Each structure stands twice: as C-alpha cells, then as structure tokens.
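So this one's upload-v3.cif, mmCIF, C-alpha atoms:
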data_start
loop_
_atom_site.group_PDB
_atom_site.id
_atom_site.type_symbol
_atom_site.label_atom_id
_atom_site.label_comp_id
_atom_site.auth_asym_id
_atom_site.auth_seq_id
_atom_site.Cartn_x
_atom_site.Cartn_y
_atom_site.Cartn_z
ATOM 1 C CA MET A 1 0.000 0.000 0.000
ATOM 2 C CA THR A 2 1.110 3.533 -0.679
ATOM 3 C CA THR A 3 0.283 6.739 1.160
ATOM 4 C CA ASN A 4 -1.056 10.002 -0.182
ATOM 5 C CA LYS A 5 -1.631 13.352 1.407
ATOM 6 C CA GLN A 6 -5.125 13.736 2.748
ATOM 7 C CA PRO A 7 -6.918 16.660 1.115
ATOM 8 C CA GLY A 8 -9.660 18.691 2.673
ATOM 9 C CA PHE A 9 -10.692 19.598 6.168
ATOM 10 C CA ALA A 10 -9.489 16.744 8.350
ATOM 11 C CA PRO A 11 -5.764 17.632 8.553
ATOM 12 C CA ALA A 12 -6.689 21.128 9.714
ATOM 13 C CA ALA A 13 -8.531 19.538 12.615
ATOM 14 C CA SER A 14 -5.692 17.104 13.208
ATOM 15 C CA PRO A 15 -2.302 18.700 12.491
ATOM 16 C CA HIS A 16 -0.364 15.458 12.854
ATOM 17 C CA ALA A 17 -2.341 13.779 10.092
ATOM 18 C CA SER A 18 -0.377 14.166 6.872
ATOM 19 C CA THR A 19 -0.784 10.844 5.088
ATOM 20 C CA ILE A 20 -3.345 8.127 4.641
ATOM 21 C CA VAL A 21 -3.299 4.648 3.208
ATOM 22 C CA HIS A 22 -4.074 4.387 -0.492
ATOM 23 C CA THR A 23 -5.118 0.886 -1.442
ATOM 24 C CA PRO A 24 -3.769 -0.260 -4.848
ATOM 25 C CA GLU A 25 -6.325 0.060 -7.629
ATOM 26 C CA GLU A 26 -4.889 -2.303 -10.257
ATOM 27 C CA ALA A 27 -7.602 -4.903 -9.695
ATOM 28 C CA LEU A 28 -10.371 -2.362 -9.184
ATOM 29 C CA ILE A 29 -12.710 -0.104 -11.092
ATOM 30 C CA THR A 30 -13.100 3.205 -9.233
ATOM 31 C CA GLY A 31 -14.489 6.602 -10.008
ATOM 32 C CA GLU A 32 -16.870 9.450 -9.344
ATOM 33 C CA THR A 33 -20.521 9.323 -10.328
ATOM 34 C CA SER A 34 -23.737 11.281 -9.962
ATOM 35 C CA ILE A 35 -26.853 9.754 -8.405
ATOM 36 C CA PRO A 36 -30.328 11.174 -9.119
ATOM 37 C CA THR A 37 -32.106 11.710 -5.810
ATOM 38 C CA GLN A 38 -35.065 13.839 -4.767
ATOM 39 C CA GLY A 39 -34.761 16.107 -7.789
ATOM 40 C CA ASP A 40 -31.004 16.625 -7.453
ATOM 41 C CA ASN A 41 -27.822 14.905 -8.585
ATOM 42 C CA MET A 42 -25.698 13.721 -5.687
ATOM 43 C CA PRO A 43 -21.953 13.186 -6.175
ATOM 44 C CA ALA A 44 -20.572 9.847 -5.013
ATOM 45 C CA PHE A 45 -17.411 7.761 -5.166
ATOM 46 C CA HIS A 46 -17.626 4.076 -6.040
ATOM 47 C CA ALA A 47 -15.251 1.120 -6.239
ATOM 48 C CA ARG A 48 -15.669 -2.481 -7.357
ATOM 49 C CA PRO A 49 -13.440 -5.395 -8.348
ATOM 50 C CA LYS A 50 -12.558 -5.800 -12.009
ATOM 51 C CA ASN A 51 -13.843 -8.833 -13.886
ATOM 52 C CA ALA A 52 -16.552 -9.520 -11.307
ATOM 53 C CA ASP A 53 -18.735 -12.512 -12.086
ATOM 54 C CA GLY A 54 -22.376 -11.499 -11.657
ATOM 55 C CA ALA A 55 -24.005 -8.870 -9.471
ATOM 56 C CA LEU A 56 -21.947 -7.785 -6.469
ATOM 57 C CA PRO A 57 -23.055 -7.378 -2.869
ATOM 58 C CA ILE A 58 -23.486 -3.654 -2.155
ATOM 59 C CA VAL A 59 -21.942 -1.723 0.729
ATOM 60 C CA ILE A 60 -23.009 1.879 1.221
ATOM 61 C CA VAL A 61 -20.189 3.718 3.020
ATOM 62 C CA VAL A 62 -21.386 6.695 5.076
ATOM 63 C CA GLN A 63 -18.901 9.476 5.677
ATOM 64 C CA GLU A 64 -17.413 10.949 8.828
ATOM 65 C CA ILE A 65 -18.374 14.543 9.641
ATOM 66 C CA PHE A 66 -15.577 15.589 7.276
ATOM 67 C CA GLY A 67 -17.387 14.320 4.179
ATOM 68 C CA VAL A 68 -16.197 11.943 1.467
ATOM 69 C CA HIS A 69 -12.470 12.614 1.703
ATOM 70 C CA GLU A 70 -9.622 10.335 0.684
ATOM 71 C CA HIS A 71 -9.862 8.053 3.715
ATOM 72 C CA ILE A 72 -13.533 7.317 3.011
ATOM 73 C CA ARG A 73 -12.708 6.699 -0.644
ATOM 74 C CA ASP A 74 -10.037 4.263 0.483
ATOM 75 C CA ILE A 75 -12.559 2.438 2.667
ATOM 76 C CA CYS A 76 -14.468 1.890 -0.591
ATOM 77 C CA ARG A 77 -11.336 0.582 -2.300
ATOM 78 C CA ARG A 78 -10.632 -1.809 0.579
ATOM 79 C CA LEU A 79 -14.179 -3.148 0.439
ATOM 80 C CA ALA A 80 -13.934 -3.518 -3.345
ATOM 81 C CA ARG A 81 -10.862 -5.693 -2.864
ATOM 82 C CA GLU A 82 -13.053 -7.914 -0.668
ATOM 83 C CA GLY A 83 -15.521 -8.357 -3.528
ATOM 84 C CA TYR A 84 -18.058 -5.621 -2.827
ATOM 85 C CA LEU A 85 -19.505 -2.777 -4.841
ATOM 86 C CA ALA A 86 -18.828 0.044 -2.381
ATOM 87 C CA ILE A 87 -20.252 3.514 -2.780
ATOM 88 C CA ALA A 88 -19.817 6.648 -0.665
ATOM 89 C CA PRO A 89 -22.349 9.419 -1.398
ATOM 90 C CA GLU A 90 -21.745 13.112 -0.637
ATOM 91 C CA LEU A 91 -24.634 13.427 1.802
ATOM 92 C CA TYR A 92 -24.014 17.110 2.657
ATOM 93 C CA PHE A 93 -24.035 18.254 -0.956
ATOM 94 C CA ARG A 94 -27.209 20.365 -0.717
ATOM 95 C CA GLN A 95 -26.192 22.151 2.481
ATOM 96 C CA GLY A 96 -22.522 22.881 1.763
ATOM 97 C CA ASP A 97 -18.929 21.691 1.530
ATOM 98 C CA PRO A 98 -17.150 20.513 4.713
ATOM 99 C CA ASN A 99 -13.855 21.687 3.222
ATOM 100 C CA ASP A 100 -15.058 25.275 3.656
ATOM 101 C CA PHE A 101 -14.788 24.940 7.444
ATOM 102 C CA THR A 102 -11.600 25.145 9.477
ATOM 103 C CA ASP A 103 -12.624 23.778 12.866
ATOM 104 C CA ILE A 104 -14.899 21.005 14.071
ATOM 105 C CA GLN A 105 -17.333 23.099 16.110
ATOM 106 C CA THR A 106 -18.011 25.471 13.214
ATOM 107 C CA LEU A 107 -18.392 22.504 10.883
ATOM 108 C CA LEU A 108 -20.937 20.935 13.228
ATOM 109 C CA SER A 109 -22.966 24.105 13.745
ATOM 110 C CA GLY A 110 -22.592 25.560 10.255
ATOM 111 C CA LEU A 111 -23.167 22.429 8.181
ATOM 112 C CA VAL A 112 -23.672 19.053 9.847
ATOM 113 C CA SER A 113 -26.562 20.160 12.077
ATOM 114 C CA LYS A 114 -28.384 21.538 9.013
ATOM 115 C CA VAL A 115 -28.563 18.151 7.250
ATOM 116 C CA PRO A 116 -31.932 16.506 8.049
ATOM 117 C CA ASP A 117 -31.931 12.812 8.901
ATOM 118 C CA ALA A 118 -35.016 12.301 6.711
ATOM 119 C CA GLN A 119 -33.157 13.759 3.729
ATOM 120 C CA VAL A 120 -30.167 11.507 4.358
ATOM 121 C CA LEU A 121 -32.231 8.336 4.685
ATOM 122 C CA ALA A 122 -34.142 9.096 1.480
ATOM 123 C CA ASP A 123 -30.868 9.821 -0.333
ATOM 124 C CA LEU A 124 -29.481 6.477 0.833
ATOM 125 C CA ASP A 125 -32.509 4.743 -0.657
ATOM 126 C CA HIS A 126 -31.594 6.298 -4.016
ATOM 127 C CA VAL A 127 -27.970 5.190 -3.553
ATOM 128 C CA ALA A 128 -29.177 1.625 -3.044
ATOM 129 C CA SER A 129 -31.331 1.886 -6.164
ATOM 130 C CA TRP A 130 -28.440 3.271 -8.223
ATOM 131 C CA ALA A 131 -26.147 0.483 -7.036
ATOM 132 C CA ALA A 132 -28.721 -2.167 -7.970
ATOM 133 C CA ARG A 133 -28.873 -0.719 -11.504
ATOM 134 C CA ASN A 134 -25.096 -0.551 -11.823
ATOM 135 C CA GLY A 135 -23.788 -4.006 -11.084
ATOM 136 C CA GLY A 136 -24.964 -4.480 -7.519
ATOM 137 C CA ASN A 137 -27.223 -7.128 -6.036
ATOM 138 C CA ALA A 138 -30.288 -5.484 -4.487
ATOM 139 C CA HIS A 139 -30.778 -8.587 -2.335
ATOM 140 C CA GLN A 140 -27.356 -8.141 -0.720
ATOM 141 C CA LEU A 141 -27.555 -4.542 0.509
ATOM 142 C CA LEU A 142 -25.249 -3.587 3.392
ATOM 143 C CA ILE A 143 -24.183 -0.354 5.069
ATOM 144 C CA THR A 144 -21.315 0.858 7.202
ATOM 145 C CA GLY A 145 -20.607 4.305 8.595
ATOM 146 C CA PHE A 146 -18.027 6.147 10.651
ATOM 147 C CA CYS A 147 -18.614 8.794 13.344
ATOM 148 C CA TRP A 148 -21.554 10.824 11.910
ATOM 149 C CA GLY A 149 -22.020 7.960 9.488
ATOM 150 C CA GLY A 150 -22.063 5.416 12.310
ATOM 151 C CA ARG A 151 -25.160 7.045 13.732
ATOM 152 C CA ILE A 152 -26.717 7.079 10.265
ATOM 153 C CA ALA A 153 -25.981 3.347 9.848
ATOM 154 C CA TRP A 154 -28.068 2.616 12.959
ATOM 155 C CA LEU A 155 -30.913 4.789 11.676
ATOM 156 C CA TYR A 156 -30.821 3.220 8.224
ATOM 157 C CA ALA A 157 -31.109 -0.243 9.738
ATOM 158 C CA ALA A 158 -34.472 0.883 11.123
ATOM 159 C CA HIS A 159 -35.478 2.628 7.886
ATOM 160 C CA ASN A 160 -34.943 0.248 4.970
ATOM 161 C CA PRO A 161 -36.396 -3.250 5.397
ATOM 162 C CA GLN A 162 -34.374 -4.410 2.370
ATOM 163 C CA LEU A 163 -31.102 -3.877 4.242
ATOM 164 C CA LYS A 164 -29.334 -7.119 5.157
ATOM 165 C CA ALA A 165 -26.842 -5.834 7.753
ATOM 166 C CA ALA A 166 -25.203 -2.713 9.156
ATOM 167 C CA VAL A 167 -21.916 -1.952 10.888
ATOM 168 C CA ALA A 168 -21.697 1.294 12.874
ATOM 169 C CA TRP A 169 -18.254 2.596 13.808
ATOM 170 C CA TYR A 170 -18.359 4.928 16.860
ATOM 171 C CA GLY A 171 -21.679 6.506 15.915
ATOM 172 C CA LYS A 172 -23.456 8.632 18.507
ATOM 173 C CA LEU A 173 -26.220 6.660 20.243
ATOM 174 C CA VAL A 174 -28.096 9.247 22.312
ATOM 175 C CA GLY A 175 -28.415 13.000 22.191
ATOM 176 C CA GLU A 176 -30.620 16.045 22.116
ATOM 177 C CA LYS A 177 -33.428 15.899 19.599
ATOM 178 C CA SER A 178 -34.145 18.537 16.970
ATOM 179 C CA LEU A 179 -36.321 19.009 13.907
ATOM 180 C CA ASN A 180 -33.475 17.693 11.743
ATOM 181 C CA SER A 181 -32.607 14.857 14.141
ATOM 182 C CA PRO A 182 -35.852 13.802 15.813
ATOM 183 C CA ARG A 183 -34.618 10.321 16.771
ATOM 184 C CA HIS A 184 -31.313 8.762 17.733
ATOM 185 C CA PRO A 185 -30.206 5.114 17.593
ATOM 186 C CA VAL A 186 -31.475 4.409 21.118
ATOM 187 C CA ASP A 187 -34.927 5.520 19.959
ATOM 188 C CA VAL A 188 -35.031 3.120 16.994
ATOM 189 C CA ALA A 189 -33.877 -0.074 18.725
ATOM 190 C CA THR A 190 -37.389 -1.500 18.500
ATOM 191 C CA ASP A 191 -37.578 -0.656 14.780
ATOM 192 C CA LEU A 192 -34.382 -2.362 13.600
ATOM 193 C CA THR A 193 -35.040 -4.725 10.707
ATOM 194 C CA ALA A 194 -31.400 -5.565 9.954
ATOM 195 C CA PRO A 195 -28.688 -6.965 12.253
ATOM 196 C CA VAL A 196 -26.342 -4.225 13.479
ATOM 197 C CA LEU A 197 -22.770 -4.493 14.719
ATOM 198 C CA GLY A 198 -21.595 -1.481 16.715
ATOM 199 C CA LEU A 199 -17.863 -0.830 17.185
ATOM 200 C CA TYR A 200 -16.892 1.576 19.963
ATOM 201 C CA GLY A 201 -13.907 2.734 22.012
ATOM 202 C CA ALA A 202 -13.898 2.780 25.803
ATOM 203 C CA GLN A 203 -11.683 5.893 25.726
ATOM 204 C CA ASP A 204 -14.096 7.815 23.476
ATOM 205 C CA THR A 205 -14.841 11.045 25.355
ATOM 206 C CA SER A 206 -17.567 12.029 22.882
ATOM 207 C CA ILE A 207 -19.529 8.772 23.340
ATOM 208 C CA PRO A 208 -19.540 7.923 27.068
ATOM 209 C CA ILE A 209 -19.608 4.250 27.961
ATOM 210 C CA GLU A 210 -22.860 4.959 29.829
ATOM 211 C CA SER A 211 -24.563 5.724 26.516
ATOM 212 C CA VAL A 212 -23.246 2.456 25.099
ATOM 213 C CA GLU A 213 -24.784 0.587 28.025
ATOM 214 C CA THR A 214 -28.053 2.468 27.526
ATOM 215 C CA MET A 215 -28.061 1.292 23.909
ATOM 216 C CA ARG A 216 -27.303 -2.282 24.924
ATOM 217 C CA GLN A 217 -30.249 -2.239 27.316
ATOM 218 C CA ALA A 218 -32.523 -0.867 24.590
ATOM 219 C CA LEU A 219 -31.386 -3.581 22.189
ATOM 220 C CA ARG A 220 -31.978 -6.320 24.752
ATOM 221 C CA ALA A 221 -35.430 -4.961 25.544
ATOM 222 C CA ALA A 222 -36.230 -4.910 21.822
ATOM 223 C CA ASN A 223 -34.850 -8.425 21.321
ATOM 224 C CA ALA A 224 -32.894 -6.972 18.397
ATOM 225 C CA ILE A 225 -30.248 -8.859 16.459
ATOM 226 C CA ALA A 226 -27.322 -6.640 17.351
ATOM 227 C CA GLU A 227 -23.935 -6.715 18.988
ATOM 228 C CA ILE A 228 -21.811 -3.909 20.414
ATOM 229 C CA VAL A 229 -18.072 -4.397 20.795
ATOM 230 C CA VAL A 230 -16.136 -1.955 22.987
ATOM 231 C CA TYR A 231 -12.352 -1.785 22.606
ATOM 232 C CA PRO A 232 -10.770 -0.927 25.982
ATOM 233 C CA GLU A 233 -7.787 1.013 24.616
ATOM 234 C CA ALA A 234 -9.479 2.784 21.705
ATOM 235 C CA GLY A 235 -10.897 6.277 21.567
ATOM 236 C CA HIS A 236 -13.078 7.989 18.997
ATOM 237 C CA ALA A 237 -12.201 7.498 15.313
ATOM 238 C CA PHE A 238 -9.934 4.563 16.090
ATOM 239 C CA ASN A 239 -10.224 3.327 12.502
ATOM 240 C CA ALA A 240 -9.141 6.674 10.999
ATOM 241 C CA ASP A 241 -5.615 5.727 9.972
ATOM 242 C CA TYR A 242 -4.856 9.268 8.805
ATOM 243 C CA ARG A 243 -5.343 10.732 12.300
ATOM 244 C CA PRO A 244 -3.568 10.380 15.666
ATOM 245 C CA SER A 245 -6.730 8.716 17.006
ATOM 246 C CA TYR A 246 -5.954 5.569 14.987
ATOM 247 C CA HIS A 247 -5.618 2.444 17.151
ATOM 248 C CA GLU A 248 -4.242 -0.284 14.937
ATOM 249 C CA ALA A 249 -5.181 -3.389 16.913
ATOM 250 C CA SER A 250 -8.769 -2.256 17.471
ATOM 251 C CA ALA A 251 -9.144 -1.077 13.872
ATOM 252 C CA LYS A 252 -7.908 -4.359 12.425
ATOM 253 C CA ASP A 253 -10.111 -6.409 14.716
ATOM 254 C CA GLY A 254 -13.113 -4.226 13.894
ATOM 255 C CA TRP A 255 -12.485 -4.562 10.165
ATOM 256 C CA GLN A 256 -12.428 -8.348 10.379
ATOM 257 C CA ARG A 257 -15.554 -8.354 12.532
ATOM 258 C CA MET A 258 -17.278 -6.182 9.940
ATOM 259 C CA LEU A 259 -16.371 -8.522 7.095
ATOM 260 C CA THR A 260 -17.559 -11.520 9.103
ATOM 261 C CA TRP A 261 -20.818 -9.743 9.970
ATOM 262 C CA PHE A 262 -21.446 -8.887 6.328
ATOM 263 C CA ALA A 263 -20.641 -12.417 5.181
ATOM 264 C CA GLN A 264 -22.889 -13.904 7.865
ATOM 265 C CA TYR A 265 -25.985 -11.888 6.985
ATOM 266 C CA SER A 266 -25.672 -10.800 3.352
ATOM 267 C CA LYS A 267 -26.961 -14.072 1.933
ATOM 268 C CA LYS A 268 -29.844 -14.613 4.363
#
Re-express the file's structure as structure tokens.
Amino acid sequence: MTTNKQPGFAPAASPHASTIVHTPEEALITGETSIPTQGDNMPAFHARPKNADGALPIVIVVQEIFGVHEHIRDICRRLAREGYLAIAPELYFRQGDPNDFTDIQTLLSGLVSKVPDAQVLADLDHVASWAARNGGNAHQLLITGFCWGGRIAWLYAAHNPQLKAAVAWYGKLVGEKSLNSPRHPVDVATDLTAPVLGLYGAQDTSIPIESVETMRQALRAANAIAEIVVYPEAGHAFNADYRPSYHEASAKDGWQRMLTWFAQYSKK
C-alpha cells in the first residue's frame, strides 16, 4: 500500500495527520458518479473489483463529519478488494462543503446540524437503487458508517427493510433531539429490521460508555439482532488511519468483525 496526502478539512482539525493509506487500484474499477435523488444529482465515489462474475453485494459507506475525503474513498477501495460494490455518497451536498470549514465546532454548527436525517435516509434509498442498476445485487444490501455515518448506519437499519446488515463505527447513540434529528439510535432499537454491529472505544470522550450501556439495554429490551463491541484502549475514530486517534489493533479487529458480519448476513 502507498500513502497520499489527505486533502480537505481533516488535517486542519488534526495537524499530525499528513498521510493516509491508499489501497492499490490495479484490480479495481473506481471513479466518481452522480446519483439522481429527490430532484437533485448527488456526487458519489464508487469502487468495485474488475472482472466480477455477476451482481456484487453492495456496501453503502457513510462518511465521517468531514465528508467523502480520501480516507472514506479508500474504505471503498478496501471493500472492493473484498468483492463488494462500495459507494460513498456526498450526503451534505445540498447544504454545503465541509472543506469550507476550518474547525470542528463550526463545521458541526454551520453544516452538519443543518442536514436533516429524513433527507439523508431518502438519499441512501436512491444510492441503493443506483447500485442495484449498476452491477450491484439489491438482495445483498449492506451499510457501514463512521462517526456521523455510524449514527446514520443505525438509523438506516431501522429505515430500509431491504437492508441485510449494518456496521456502525463509533456513531453517537443518544443525544438532544431537533427538527433535523428527531430520533437517535437508542430511539429506533425497536424498529431495527437488519442486524447491526456497533464498534466503539472505551476511551471515546464524545460517546460515554454509559450511553453504550443504555443502547445495549434498549437492544436487549427490543430483542434486536445486534452486537456492540467496545475496545478498551481505543478512543473515537480509532479506525481513521490518517489521524492520531488511529488504534491499529482495534481497527484491524473491527475490520475483520465487519467482514464476518457482512458475510454472515448478506446471503440470508
């Protein structure tokens, strides 16, 4: 694997982050596309293996708060090397560009908080439809998300009954409600229609372990098919290998758990 400089907002928020992994593309087909959704055309990055035999299982990759930057694109490339059609849509595209912001708090207040959950979930439905028309298997629809996208992965598992499985990486579980975010993962535990794997860090100061336990209780009460793994030494964004938060052992274990989860449920 080679490393490239990470463009966009994230390095400004994390001054030590200068490089990220770039997965080789020789055996892949990758590129940008445009997905019709709700009267607009949403930009997205996609990756798939070359010379695939038949329709591919689909993984929707939901961005961190920083948008679809090079790390998220590389997540798509890594999944493509595992045999998936992976696609990462630009879910903020109507409200603005995360690269226009220079600090996390301003990004959250000036952009992220203005993106309605209902809009995002409807856009993801159109992503799934696009993927099914472009080499993906509609009967093997999966989703994974990171940080902001981890929360969305939980919500999508309660939104689309066609979804086979979800993996949420350190997505917020509880929080204040608003018009744009009327429900959080803890509120949809009884509505989950797909198995969800949650991957969290015990050292994550933005997602207290108490909220993880609250979610576990909600899942047990709902008799949901779900599992939450907490890594004792990991903090927030422990899979973000372009940032100081990266925790290699936890990230590698989480990646393998995700692949196993997808393999277990994608064909059911």
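You will find CA of Ala202 (chain A) at 20.0 Å from CA of Ala153 (chain A).
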Shell of 10 Å around Ala122 (chain A), all atoms listed in the file, local chain residues under 6 positions omitted, as an MDAnalysis selection string = chainID A and resid 37:38 156 159:160
Do a neighbour search on Gly39 (chain A) at 12 Å with all atoms listed in the file, toss out local chain neighbours closer than 6 positions, and write the hits as a PyMOL selection string.
-> chain A and resi 94+119+122-123+126
So how far away is CA of Asn239 (chain A) from CA of Thr19 (chain A), in Å?
->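 It comes out at 14.2 Å.
Taking CA of Arg81 (chain A) and CA of Asp204 (chain A) as the two end points, the separation is 29.8 Å.
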Nearby residues, (-27.5, 3.8, 12.2) file frame, 8 Å, all atoms listed in the file, as a PyMOL selection string | chain A and resi 145+149-158+166+168+171+185
From the set A:Leu219, A:Ala189, A:Ile87, A:Ala27, which residue has the shortest atom-to-atom contact distance to Leu141 (chain A), counting all atoms listed in the file?
->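 Closest to Leu141 (chain A), using all atoms listed in the file: A:Ile87.
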